[in-house]
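See below for entry.txt, which holds compact mmCIF, C-alpha atoms.
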```txt
# COMPACT_ATOMS: atom_id res chain seq x y z
CA MET A 1056 116.66 107.10 73.35
CA ALA A 1057 115.15 105.26 70.41
CA ALA A 1058 112.13 103.09 71.02
CA PRO A 1059 112.87 99.35 70.96
CA PRO A 1060 111.95 97.60 67.71
CA TYR A 1061 108.40 96.30 67.54
CA GLN A 1062 108.03 92.68 68.57
CA PRO A 1063 104.99 90.94 67.05
CA PRO A 1064 103.02 88.36 69.06
CA ALA A 1065 104.92 85.12 69.50
CA ARG A 1066 102.18 83.14 67.77
CA ASN A 1067 99.13 83.70 65.57
CA THR A 1068 96.66 81.89 67.82
CA TYR A 1069 96.08 82.06 71.58
CA ASP A 1070 93.58 80.43 73.86
CA ILE A 1071 92.92 83.78 75.54
CA VAL A 1072 93.56 87.37 74.39
CA ILE A 1073 93.26 90.07 77.06
CA VAL A 1074 92.75 93.63 75.80
CA GLY A 1075 94.36 95.89 78.39
CA GLY A 1076 97.38 95.12 80.53
CA ALA A 1077 96.98 97.42 83.53
CA ALA A 1078 95.87 96.19 86.97
CA VAL A 1079 92.71 94.34 85.93
CA GLY A 1080 94.15 92.81 82.75
CA SER A 1081 97.41 91.79 84.39
CA SER A 1082 95.57 90.33 87.38
CA ILE A 1083 93.49 88.18 85.03
CA ALA A 1084 96.66 87.08 83.24
CA TYR A 1085 98.34 86.31 86.57
CA TRP A 1086 95.52 84.15 87.92
CA LEU A 1087 95.09 82.28 84.64
CA SER A 1088 98.82 81.59 84.48
CA GLN A 1089 98.93 80.10 88.00
CA GLN A 1090 96.60 77.22 87.21
CA THR A 1091 97.92 73.75 87.85
CA GLY A 1092 98.11 71.31 84.99
CA GLU A 1093 98.05 72.44 81.38
CA ARG A 1094 97.94 76.22 81.21
CA PRO A 1095 96.19 78.18 78.46
CA SER A 1096 98.20 80.28 76.04
CA ILE A 1097 97.60 83.95 76.89
CA LEU A 1098 98.32 87.20 75.07
CA VAL A 1099 97.92 90.61 76.74
CA VAL A 1100 97.58 93.54 74.33
CA GLU A 1101 98.46 96.86 75.99
CA ARG A 1102 98.38 100.05 73.93
CA ASP A 1103 100.74 101.97 76.28
CA ALA A 1104 103.60 99.86 77.61
CA SER A 1105 104.74 102.83 79.73
CA TYR A 1106 101.36 102.83 81.51
CA ALA A 1107 101.81 106.60 81.84
CA TYR A 1108 98.15 107.31 81.14
CA SER A 1109 96.68 104.16 82.62
CA SER A 1110 94.07 104.50 85.35
CA THR A 1111 96.30 102.28 87.49
CA ALA A 1112 99.25 104.68 87.36
CA LEU A 1113 97.06 107.76 87.85
CA SER A 1114 94.96 106.27 90.64
CA THR A 1115 95.01 107.45 94.24
CA SER A 1116 95.66 103.77 95.11
CA ALA A 1117 93.34 103.30 98.06
CA ILE A 1118 91.20 100.45 99.36
CA ARG A 1119 88.23 100.46 101.73
CA GLN A 1120 85.52 98.22 103.07
CA GLN A 1121 83.02 101.03 103.58
CA TYR A 1122 80.61 100.10 100.79
CA SER A 1123 76.85 99.81 100.74
CA ASN A 1124 76.96 96.62 98.68
CA PRO A 1125 78.01 93.43 100.51
CA ILE A 1126 79.83 92.04 97.45
CA ASN A 1127 82.14 95.05 97.39
CA VAL A 1128 82.88 94.61 101.09
CA LEU A 1129 83.82 90.96 100.56
CA ILE A 1130 85.95 91.82 97.54
CA SER A 1131 87.90 94.32 99.62
CA GLN A 1132 88.45 91.83 102.44
CA PHE A 1133 90.08 89.39 100.02
CA VAL A 1134 92.17 92.11 98.40
CA VAL A 1135 93.43 93.47 101.73
CA GLU A 1136 94.88 90.06 102.54
CA PHE A 1137 96.28 89.85 99.02
CA ILE A 1138 98.03 93.21 99.51
CA ARG A 1139 99.35 92.27 102.95
CA ASN A 1140 100.82 89.02 101.57
CA PHE A 1141 101.89 90.39 98.21
CA GLU A 1142 105.63 90.33 98.86
CA GLU A 1143 105.52 86.67 99.88
CA ARG A 1144 103.23 85.76 96.96
CA MET A 1145 105.54 87.44 94.45
CA ALA A 1146 108.82 86.12 95.94
CA PRO A 1147 109.10 83.11 93.54
CA PHE A 1148 109.09 85.52 90.58
CA TYR A 1149 111.94 87.65 91.98
CA PRO A 1150 114.77 85.15 92.52
CA GLY A 1151 117.81 86.77 94.04
CA GLU A 1152 116.13 90.16 94.51
CA PRO A 1153 113.49 91.63 96.82
CA ALA A 1154 109.88 91.22 95.78
CA PRO A 1155 107.75 94.37 95.86
CA ASP A 1156 106.43 95.58 99.20
CA LEU A 1157 103.26 97.58 98.50
CA GLY A 1158 103.79 99.83 101.53
CA PHE A 1159 100.21 99.43 102.75
CA LYS A 1160 99.30 102.42 104.94
CA GLU A 1161 96.50 100.93 107.03
CA HIS A 1162 95.15 104.25 108.33
CA GLY A 1163 91.54 103.77 107.30
CA TYR A 1164 88.84 105.94 105.76
CA LEU A 1165 86.92 108.51 107.80
CA TYR A 1166 83.53 109.25 106.22
CA CYS A 1167 81.89 112.40 107.55
CA TRP A 1168 78.08 112.34 107.82
CA SER A 1169 75.50 115.09 108.20
CA PRO A 1170 72.92 114.81 111.01
CA GLN A 1171 70.36 113.81 108.35
CA GLY A 1172 72.59 111.01 107.07
CA VAL A 1173 73.36 109.40 110.43
CA ASP A 1174 70.67 106.71 110.38
CA ALA A 1175 71.65 105.43 106.94
CA ALA A 1176 75.34 105.60 107.90
CA ARG A 1177 74.74 103.52 111.04
CA GLU A 1178 72.89 100.92 108.98
CA ARG A 1179 75.82 100.67 106.57
CA VAL A 1180 78.26 100.33 109.46
CA GLU A 1181 76.25 97.48 110.93
CA ARG A 1182 76.04 95.78 107.53
CA GLN A 1183 79.80 96.10 107.07
CA ARG A 1184 80.50 94.79 110.58
CA SER A 1185 78.16 91.82 110.01
CA LEU A 1186 80.40 90.89 107.08
CA GLY A 1187 83.57 91.08 109.20
CA ALA A 1188 84.63 94.68 108.57
CA HIS A 1189 86.06 96.78 111.41
CA THR A 1190 84.05 99.93 110.72
CA VAL A 1191 82.94 101.92 113.77
CA PHE A 1192 80.53 104.83 114.03
CA LEU A 1193 81.85 107.84 115.95
CA GLU A 1194 79.45 110.43 117.30
CA PRO A 1195 80.73 114.04 117.25
CA GLY A 1196 82.22 113.91 120.76
CA PRO A 1197 84.24 110.69 120.32
CA LEU A 1198 85.11 111.81 116.79
CA LYS A 1199 86.63 115.02 118.13
CA ASP A 1200 88.43 113.12 120.89
CA ARG A 1201 89.96 110.74 118.37
CA PHE A 1202 90.79 113.34 115.69
CA PRO A 1203 91.03 116.71 117.49
CA TRP A 1204 92.02 118.54 114.30
CA ILE A 1205 88.63 117.97 112.66
CA ASN A 1206 85.72 120.43 112.71
CA ALA A 1207 82.70 118.36 113.76
CA ASP A 1208 80.29 121.25 114.44
CA ASP A 1209 78.04 120.49 111.45
CA LEU A 1210 78.43 116.68 111.57
CA GLY A 1211 76.13 114.03 112.96
CA GLY A 1212 79.15 111.73 113.22
CA ALA A 1213 81.57 109.75 111.07
CA SER A 1214 82.28 106.15 110.16
CA TRP A 1215 85.87 105.03 110.47
CA GLY A 1216 87.51 101.93 109.10
CA ALA A 1217 89.75 101.22 112.06
CA ARG A 1218 91.55 98.37 110.27
CA ALA A 1219 91.96 96.88 106.79
CA GLU A 1220 91.55 100.18 104.92
CA GLY A 1221 94.14 102.57 103.57
CA TRP A 1222 96.37 103.09 100.56
CA PHE A 1223 99.21 101.28 98.80
CA ASP A 1224 101.63 101.30 95.86
CA SER A 1225 99.57 100.92 92.68
CA MET A 1226 102.50 100.44 90.31
CA GLY A 1227 104.10 97.97 92.69
CA LEU A 1228 100.95 95.88 92.41
CA LEU A 1229 100.84 96.17 88.63
CA ASN A 1230 104.53 95.47 88.12
CA GLY A 1231 104.41 92.44 90.39
CA LEU A 1232 101.36 90.93 88.68
CA ARG A 1233 102.77 91.64 85.25
CA ARG A 1234 106.15 90.11 86.06
CA ALA A 1235 104.57 87.03 87.61
CA ALA A 1236 102.34 86.56 84.57
CA ARG A 1237 105.21 86.94 82.10
CA ARG A 1238 107.46 84.57 84.03
CA SER A 1239 104.60 82.08 83.98
CA GLY A 1240 104.41 82.13 80.18
CA VAL A 1241 102.05 85.02 79.38
CA ASP A 1242 102.98 87.08 76.30
CA TYR A 1243 102.60 90.88 76.31
CA VAL A 1244 102.66 93.11 73.22
CA ASP A 1245 102.76 96.90 73.03
CA ASN A 1246 99.93 97.38 70.56
CA ALA A 1247 96.28 98.40 70.20
CA VAL A 1248 93.32 96.34 69.11
CA THR A 1249 91.66 98.11 66.17
CA ASP A 1250 89.02 95.55 65.17
CA ILE A 1251 87.41 92.30 66.26
CA ASP A 1252 86.40 89.61 63.78
CA LEU A 1253 83.27 87.58 64.52
CA GLU A 1254 82.26 84.27 63.01
CA ASP A 1255 79.12 82.26 63.86
CA GLY A 1256 78.36 84.56 66.78
CA LYS A 1257 81.79 84.26 68.40
CA VAL A 1258 85.00 86.23 68.44
CA LYS A 1259 87.34 84.63 65.94
CA SER A 1260 90.30 87.01 66.00
CA VAL A 1261 91.51 90.50 66.82
CA ARG A 1262 93.35 92.87 64.53
CA LEU A 1263 96.15 95.03 65.87
CA SER A 1264 97.26 98.51 64.87
CA THR A 1265 100.42 97.04 63.34
CA GLY A 1266 98.35 94.88 60.99
CA ASP A 1267 98.83 91.63 62.88
CA ARG A 1268 95.81 89.34 63.17
CA VAL A 1269 95.59 87.05 66.19
CA SER A 1270 93.01 84.29 66.57
CA CYS A 1271 91.70 83.45 70.01
CA GLY A 1272 89.37 81.14 71.89
CA VAL A 1273 88.31 83.77 74.46
CA LEU A 1274 88.56 87.56 74.31
CA VAL A 1275 88.68 89.48 77.61
CA ASN A 1276 87.82 93.16 77.59
CA ALA A 1277 89.97 94.72 80.33
CA ALA A 1278 90.46 98.00 78.51
CA GLY A 1279 89.57 100.30 81.41
CA PRO A 1280 88.18 103.65 80.25
CA ARG A 1281 88.28 102.40 76.64
CA ALA A 1282 86.06 99.41 77.44
CA ARG A 1283 83.09 100.76 75.47
CA GLN A 1284 85.32 101.30 72.44
CA VAL A 1285 86.49 97.68 72.52
CA ALA A 1286 82.95 96.35 73.03
CA GLU A 1287 81.72 98.31 70.02
CA MET A 1288 84.28 96.55 67.82
CA ALA A 1289 82.30 93.37 68.49
CA GLY A 1290 78.96 95.09 67.94
CA LEU A 1291 78.27 95.25 71.69
CA SER A 1292 77.46 98.11 74.03
CA ILE A 1293 78.11 98.89 77.68
CA PRO A 1294 77.44 102.15 79.56
CA VAL A 1295 81.09 102.71 80.46
CA PHE A 1296 82.79 106.04 79.79
CA PRO A 1297 86.01 107.84 80.82
CA PHE A 1298 85.30 110.39 83.57
CA LYS A 1299 88.10 112.74 84.61
CA ARG A 1300 89.32 112.92 88.20
CA TYR A 1301 91.83 115.54 89.33
CA SER A 1302 94.40 114.86 92.04
CA PHE A 1303 96.35 117.54 93.91
CA VAL A 1304 99.38 117.09 96.17
CA PHE A 1305 99.87 120.01 98.53
CA ALA A 1306 101.94 121.17 101.48
CA SER A 1307 100.47 122.65 104.65
CA SER A 1308 102.20 125.11 106.96
CA ILE A 1309 100.66 123.30 109.96
CA ALA A 1310 101.24 119.59 110.53
CA ILE A 1311 98.35 117.24 111.25
CA PRO A 1312 99.11 114.78 114.08
CA GLY A 1313 98.86 111.24 112.83
CA PRO A 1314 98.07 108.68 111.95
CA MET A 1315 95.59 110.58 109.78
CA PRO A 1316 93.00 108.57 107.85
CA ASN A 1317 91.64 109.30 104.39
CA VAL A 1318 88.98 111.89 105.24
CA ILE A 1319 85.86 112.02 103.06
CA ASP A 1320 84.08 115.33 103.61
CA LEU A 1321 80.35 116.01 103.24
CA SER A 1322 81.22 117.91 100.05
CA GLY A 1323 82.76 114.78 98.50
CA THR A 1324 86.28 116.19 98.82
CA PHE A 1325 88.82 113.71 100.17
CA VAL A 1326 92.22 114.31 101.74
CA ARG A 1327 94.89 112.02 103.12
CA PRO A 1328 98.59 112.29 104.06
CA GLU A 1329 101.37 111.49 101.62
CA GLY A 1330 104.48 111.47 103.78
CA SER A 1331 104.87 115.08 104.95
CA LEU A 1332 102.48 116.24 102.19
CA PHE A 1333 98.80 115.67 101.47
CA LEU A 1334 96.76 114.34 98.57
CA ALA A 1335 93.26 115.67 97.80
CA GLY A 1336 90.58 115.37 95.15
CA ASN A 1337 86.82 115.51 94.64
CA THR A 1338 84.02 114.91 92.16
CA PRO A 1339 84.67 117.84 89.79
CA LEU A 1340 82.15 120.27 88.36
CA ASP A 1341 82.89 119.01 84.84
CA ASN A 1342 81.96 115.47 85.89
CA GLY A 1343 80.88 113.62 82.76
CA PRO A 1344 82.20 111.64 79.81
CA ALA A 1345 85.55 112.88 78.53
CA ASP A 1346 87.55 112.17 75.40
CA TYR A 1347 89.76 109.12 75.71
CA ASP A 1348 92.91 111.22 75.30
CA ASP A 1349 91.82 114.24 77.34
CA PHE A 1350 94.01 114.50 80.43
CA SER A 1351 93.88 118.26 80.79
CA ILE A 1352 93.38 119.55 84.32
CA ARG A 1353 91.01 122.13 85.76
CA HIS A 1354 93.17 123.92 88.35
CA GLU A 1355 90.23 126.05 89.52
CA GLU A 1356 88.80 122.90 91.07
CA PHE A 1357 91.33 123.14 93.90
CA ASP A 1358 91.11 126.88 94.43
CA ASP A 1359 87.33 127.22 94.17
CA ARG A 1360 86.03 123.99 95.70
CA ILE A 1361 88.62 121.68 97.28
CA TRP A 1362 90.53 124.19 99.39
CA PRO A 1363 87.42 125.84 100.91
CA ALA A 1364 86.05 122.39 101.82
CA LEU A 1365 89.38 121.36 103.36
CA TRP A 1366 89.68 124.55 105.38
CA HIS A 1367 86.16 124.16 106.73
CA ARG A 1368 86.63 120.52 107.77
CA ILE A 1369 90.25 120.82 108.95
CA PRO A 1370 90.89 124.42 110.07
CA SER A 1371 94.66 123.79 110.21
CA PHE A 1372 94.56 123.76 106.40
CA GLU A 1373 94.46 127.55 106.30
CA ALA A 1374 97.62 128.00 104.25
CA LEU A 1375 98.22 125.44 101.52
CA ARG A 1376 100.53 125.24 98.52
CA VAL A 1377 99.86 122.89 95.61
CA LEU A 1378 103.07 121.19 94.50
CA ARG A 1379 101.82 118.70 91.94
CA SER A 1380 98.63 117.75 90.14
CA TRP A 1381 97.43 115.27 87.54
CA THR A 1382 94.33 113.94 85.81
CA GLY A 1383 93.27 110.32 85.68
CA HIS A 1384 90.25 108.57 84.20
CA TYR A 1385 87.56 106.54 85.95
CA GLU A 1386 86.00 103.80 83.80
CA TYR A 1387 82.59 104.96 84.94
CA ASN A 1388 79.58 102.65 84.70
CA THR A 1389 76.71 105.10 84.44
CA LEU A 1390 74.09 102.41 85.16
CA ASP A 1391 75.05 101.54 88.72
CA HIS A 1392 78.72 102.32 89.49
CA ASN A 1393 79.56 98.62 89.80
CA GLY A 1394 81.80 96.44 87.68
CA ILE A 1395 80.61 94.29 84.78
CA VAL A 1396 82.13 90.81 85.09
CA GLY A 1397 81.13 87.91 82.87
CA PHE A 1398 80.57 86.58 79.37
CA HIS A 1399 78.18 88.14 76.89
CA PRO A 1400 75.12 85.86 76.52
CA GLU A 1401 75.18 85.92 72.71
CA VAL A 1402 78.83 86.51 71.78
CA ALA A 1403 79.65 83.70 74.13
CA ASN A 1404 83.45 83.97 74.17
CA PHE A 1405 83.53 87.74 74.82
CA MET A 1406 84.31 88.38 78.49
CA PHE A 1407 83.73 91.71 80.26
CA ALA A 1408 85.88 93.00 83.13
CA ASN A 1409 84.87 96.63 83.02
CA GLY A 1410 83.11 99.60 84.58
CA PHE A 1411 84.49 99.56 88.13
CA SER A 1412 83.90 103.31 88.51
CA GLY A 1413 87.09 104.18 90.37
CA HIS A 1414 87.39 100.84 92.20
CA GLY A 1415 89.19 98.86 89.49
CA LEU A 1416 92.67 98.98 91.00
CA GLN A 1417 91.54 98.01 94.50
CA GLN A 1418 89.28 95.25 93.18
CA SER A 1419 91.67 93.93 90.51
CA PRO A 1420 93.08 90.92 92.45
CA ALA A 1421 89.57 89.61 93.20
CA VAL A 1422 88.27 90.38 89.70
CA GLY A 1423 91.24 88.63 88.11
CA ARG A 1424 90.59 85.54 90.18
CA ALA A 1425 86.86 85.59 89.37
CA VAL A 1426 87.40 86.00 85.62
CA SER A 1427 89.93 83.15 85.57
CA GLU A 1428 87.40 80.93 87.36
CA LEU A 1429 84.68 81.74 84.84
CA ILE A 1430 86.97 81.06 81.89
CA LEU A 1431 88.44 77.82 83.23
CA THR A 1432 85.44 76.28 85.03
CA GLY A 1433 82.39 78.14 83.75
CA ARG A 1434 81.38 79.46 87.17
CA PHE A 1435 82.58 81.50 90.14
CA GLN A 1436 84.40 79.23 92.58
CA THR A 1437 85.22 81.62 95.43
CA LEU A 1438 83.38 84.95 95.64
CA ASP A 1439 80.04 84.84 93.84
CA LEU A 1440 80.10 87.88 91.56
CA SER A 1441 77.09 86.77 89.53
CA PRO A 1442 75.11 89.98 90.36
CA MET A 1443 77.85 91.83 88.42
CA ARG A 1444 77.26 89.85 85.22
CA TYR A 1445 76.52 91.60 81.94
CA GLU A 1446 72.88 90.47 81.75
CA ARG A 1447 71.71 93.30 84.03
CA ILE A 1448 72.90 95.90 81.50
CA PRO A 1449 70.37 95.40 78.65
CA LEU A 1450 67.64 94.81 81.24
CA ASN A 1451 68.45 98.20 82.81
CA GLN A 1452 68.45 96.60 86.25
CA PRO A 1453 71.01 98.47 88.38
CA PHE A 1454 73.04 96.64 91.01
CA MET A 1455 73.64 99.79 92.99
CA GLU A 1456 76.61 100.96 95.00
CA GLU A 1457 75.79 104.06 97.05
CA ALA A 1458 79.30 104.75 98.36
CA VAL A 1459 81.06 106.14 95.28
CA ILE A 1460 83.75 108.79 95.65
```
So that I can check it, write out the structure of this file as structure tokens.
Amino acid sequence: MAAPPYQPPARNTYDIVIVGGAAVGSSIAYWLSQQTGERPSILVVERDASYAYSSTALSTSAIRQQYSNPINVLISQFVVEFIRNFEERMAPFYPGEPAPDLGFKEHGYLYCWSPQGVDAARERVERQRSLGAHTVFLEPGPLKDRFPWINADDLGGASWGARAEGWFDSMGLLNGLRRAARRSGVDYVDNAVTDIDLEDGKVKSVRLSTGDRVSCGVLVNAAGPRARQVAEMAGLSIPVFPFKRYSFVFASSIAIPGPMPNVIDLSGTFVRPEGSLFLAGNTPLDNGPADYDDFSIRHEEFDDRIWPALWHRIPSFEALRVLRSWTGHYEYNTLDHNGIVGFHPEVANFMFANGFSGHGLQQSPAVGRAVSELILTGRFQTLDLSPMRYERIPLNQPFMEEAVI
């Protein structure tokens, strides 16, 4: 089938241009487009309209509240409610047809902890609970009673998100946000930004790969793993790089009685059910910056590292068969594993929404709301994400998140 003819942007000037139309970019567009009164004109530039290689499509699509940083816990609490109510929220944009149900599997995360890590784990659980999370700490005995299929011999315990954690339909979220934004007047173009024009210390316009030039009042960098590339076009720098993550779907000859949570092993390997199958991944040996277009997979990662870890933690996983695998990219912030949200202090109309280090999809509804608040009012109105602002980057002052998978 021939590709549809190229459609240039509907106008030459927009109030806001968003570079990147996956979950973060489309969430920003959605929230901006839902403002009452006069709405800004918005263009979303997405280089891959199929989203086949977007981090959103290739994500494992999970959400948790088990973070070390209180801001990340609060973000997740908002997003869980957003996911639960997504179908109702999207209904006005699907007249005469069903709005997307994100199929939220609220089975929780189960973090395994060594005996040496128990004290720190208990402190995190208490911090999460003080913020309203439902995390509980299970000592080895109660852990084994609750999940009899797990090997707890070398564990000091585990923390379990008994509610408001799990996994959901990533493309359902993206497609709903994108449709709502477009039906609210946001323009999308299948194109790539190749250069950014500055004038008097501000972004004046962007140039597209097709030769079009579009002027804008605000530029939002929501380019995911390509965020550094976009920043450099404006003479800026952020420590955000694409890091590869491999995902493997496998079948087991022995069923695991459910509901099974997303298990995070001491080794960093995770596993969760996908219907009658299972999904697993880890932090790979070749962990480090990758080429933007490198989606090759290292199959040895499953055979040499993931499967032995799975078999040790869940002895029923003795005989496994990989059915499908893929590679996605984290937009990894090497400074502190947290997102960068806010305007640049010198190029004052350049907005960052980058570096979420594997949490971008699950945080996208809250980030979109926060960015829209900053653009429209100049400050955060709901969740205060000011510790995530760009200013910490040149100062080399990390705003750390310990719980990174």
* Counting all atoms listed in the file, the option among A:Arg1376, A:His1367, A:Arg1444, A:Lys1257 closest to A:Ile1309 ->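 Of the candidates, the smallest distance to A:Ile1309 is held by A:Arg1376.
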* Asked: Given the choices A:Pro1344, A:Pro1314, A:Pro1153, A:Pro1453, which gets closest to A:Val1295 if the distance is worked out from all atoms listed in the file?
  ->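 For A:Val1295, the nearest of the candidates is A:Pro1344.
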* Structure fact -> For A:Phe1137, the closest of A:Ala1112, A:Leu1321, A:Leu1291, A:Leu1157 counting only C-alpha atoms is A:Leu1157
* To do: Determine, counting all atoms listed in the file, which protein, DNA and RNA residues have an atom within 12 Å of an atom of A:Arg1379; residues of the same chain fewer than 2 positions away are not included. Present the result as a list in words.
  =>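 Neighbouring residues, sequence-local ones excluded: Tyr1301, Ser1302, Phe1303, Val1304, Phe1305, Ala1306, Leu1332, Phe1333, Leu1334, Ala1335, Ile1352, His1354, Phe1357, Arg1376, Val1377, Trp1381 and Thr1382 of chain A.
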* What is the atom CA of A:Phe1133 to atom CA of A:Phe1325 distance in Å? ->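 Spanning atom CA of A:Phe1133 to atom CA of A:Phe1325 is a straight-line distance of 24.4 Å.
Of the listed residues A:Tyr1149, A:Tyr1085, A:Phe1159, A:Tyr1164, the one whose atoms come nearest to A:Ala1421 is A:Tyr1085, with distances taken using all atoms listed in the file.
Using all atoms listed in the file, the smallest distance between any of A:Val1191, A:Ala1374, A:Leu1098, A:Leu1228 and A:Ala1077 comes from A:Leu1228.
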* Which one of A:Ser1380, A:Gln1062, A:Ser1131, A:Asn1206 sits closest to A:Val1244 if you count all atoms listed in the file? ->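 When distances to A:Val1244 are compared using all atoms listed in the file, the smallest one comes from A:Gln1062.
Here atom CA of A:Leu1429 stands at a distance of 18.3 Å from atom CA of A:Asn1393.
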* **Exercise: A:His1189 partners within 12 Å, all atoms listed in the file, chain neighbours under 2 positions left out, as a PyMOL selection string** => chain A and resi 1119-1121+1128+1132+1163-1164+1179-1187+1191-1192+1214-1220
Quick one: everything within 10 Å of A:Tyr1061, counting only C-alpha atoms, minus sequence neighbours fewer than 6 positions away in the same chain. Send it as an mmCIF file with C-alpha atoms, in the coordinates of the input.
```cif
data_model
loop_
_atom_site.group_PDB
_atom_site.id
_atom_site.type_symbol
_atom_site.label_atom_id
_atom_site.label_comp_id
_atom_site.auth_asym_id
_atom_site.auth_seq_id
_atom_site.Cartn_x
_atom_site.Cartn_y
_atom_site.Cartn_z
ATOM 1 C CA VAL A 1244 102.660 93.110 73.220
ATOM 2 C CA ASP A 1245 102.760 96.900 73.030
ATOM 3 C CA ASN A 1246 99.930 97.380 70.560
ATOM 4 C CA THR A 1265 100.420 97.040 63.340
#
```
* Close residues, stretch 1172-1175 of chain A itself excluded, 8 Å, only C-alpha atoms, min 3 positions apart in chain, as an MDAnalysis selection string -> chainID A and resid 1168:1169 1178:1179 1211:1212
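Going from atom CA of A:Ile1118 to atom CA of A:Ser1082 covers 16.3 Å.
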* Show me as a list in words the residues that reach within 8 Å of (88.1, 94.4, 77.2), counting only C-alpha atoms and using the file's own coordinates. => Ile1073, Val1074, Gly1075, Leu1274, Val1275, Asn1276, Ala1277, Ala1278, Gly1279, Ala1282, Val1285, Ala1286, Met1406, Phe1407, Ala1408 and Asn1409 of chain A
Where atoms are lacking, stretch 1409-1422 of chain A completed to N, CA and C atoms, as a PDB file, in the frame of the given file:
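And here's rebuild_28.pdb as it stands now:
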```
ATOM      1  N   ASN A1409      84.913  95.197  83.282  1.00  0.00           N
ATOM      2  CA  ASN A1409      84.870  96.630  83.020  1.00  0.00           C
ATOM      3  C   ASN A1409      83.962  97.383  83.987  1.00  0.00           C
ATOM      4  N   GLY A1410      84.078  98.727  83.943  1.00  0.00           N
ATOM      5  CA  GLY A1410      83.110  99.600  84.580  1.00  0.00           C
ATOM      6  C   GLY A1410      83.184  99.689  86.087  1.00  0.00           C
ATOM      7  N   PHE A1411      84.375  99.613  86.670  1.00  0.00           N
ATOM      8  CA  PHE A1411      84.490  99.560  88.130  1.00  0.00           C
ATOM      9  C   PHE A1411      84.381 100.929  88.793  1.00  0.00           C
ATOM     10  N   SER A1412      84.284 101.976  88.011  1.00  0.00           N
ATOM     11  CA  SER A1412      83.900 103.310  88.510  1.00  0.00           C
ATOM     12  C   SER A1412      84.816 103.825  89.616  1.00  0.00           C
ATOM     13  N   GLY A1413      86.115 103.696  89.400  1.00  0.00           N
ATOM     14  CA  GLY A1413      87.090 104.180  90.370  1.00  0.00           C
ATOM     15  C   GLY A1413      87.565 103.131  91.346  1.00  0.00           C
ATOM     16  N   HIS A1414      87.012 101.904  91.271  1.00  0.00           N
ATOM     17  CA  HIS A1414      87.390 100.840  92.200  1.00  0.00           C
ATOM     18  C   HIS A1414      88.189  99.732  91.515  1.00  0.00           C
ATOM     19  N   GLY A1415      88.551  99.931  90.249  1.00  0.00           N
ATOM     20  CA  GLY A1415      89.190  98.860  89.490  1.00  0.00           C
ATOM     21  C   GLY A1415      90.508  98.410  90.071  1.00  0.00           C
ATOM     22  N   LEU A1416      91.374  99.348  90.442  1.00  0.00           N
ATOM     23  CA  LEU A1416      92.670  98.980  91.000  1.00  0.00           C
ATOM     24  C   LEU A1416      92.482  98.177  92.284  1.00  0.00           C
ATOM     25  N   GLN A1417      91.670  98.700  93.218  1.00  0.00           N
ATOM     26  CA  GLN A1417      91.540  98.010  94.500  1.00  0.00           C
ATOM     27  C   GLN A1417      90.810  96.679  94.377  1.00  0.00           C
ATOM     28  N   GLN A1418      90.012  96.508  93.341  1.00  0.00           N
ATOM     29  CA  GLN A1418      89.280  95.250  93.180  1.00  0.00           C
ATOM     30  C   GLN A1418      89.973  94.290  92.219  1.00  0.00           C
ATOM     31  N   SER A1419      91.061  94.713  91.590  1.00  0.00           N
ATOM     32  CA  SER A1419      91.670  93.930  90.510  1.00  0.00           C
ATOM     33  C   SER A1419      92.110  92.525  90.939  1.00  0.00           C
ATOM     34  N   PRO A1420      92.709  92.309  92.114  1.00  0.00           N
ATOM     35  CA  PRO A1420      93.080  90.920  92.450  1.00  0.00           C
ATOM     36  C   PRO A1420      91.876  89.987  92.525  1.00  0.00           C
ATOM     37  N   ALA A1421      90.763  90.456  93.098  1.00  0.00           N
ATOM     38  CA  ALA A1421      89.570  89.610  93.200  1.00  0.00           C
ATOM     39  C   ALA A1421      88.904  89.425  91.840  1.00  0.00           C
ATOM     40  N   VAL A1422      88.872  90.481  91.034  1.00  0.00           N
ATOM     41  CA  VAL A1422      88.270  90.380  89.700  1.00  0.00           C
ATOM     42  C   VAL A1422      89.080  89.436  88.823  1.00  0.00           C
TER      43      VAL A1422
END
```
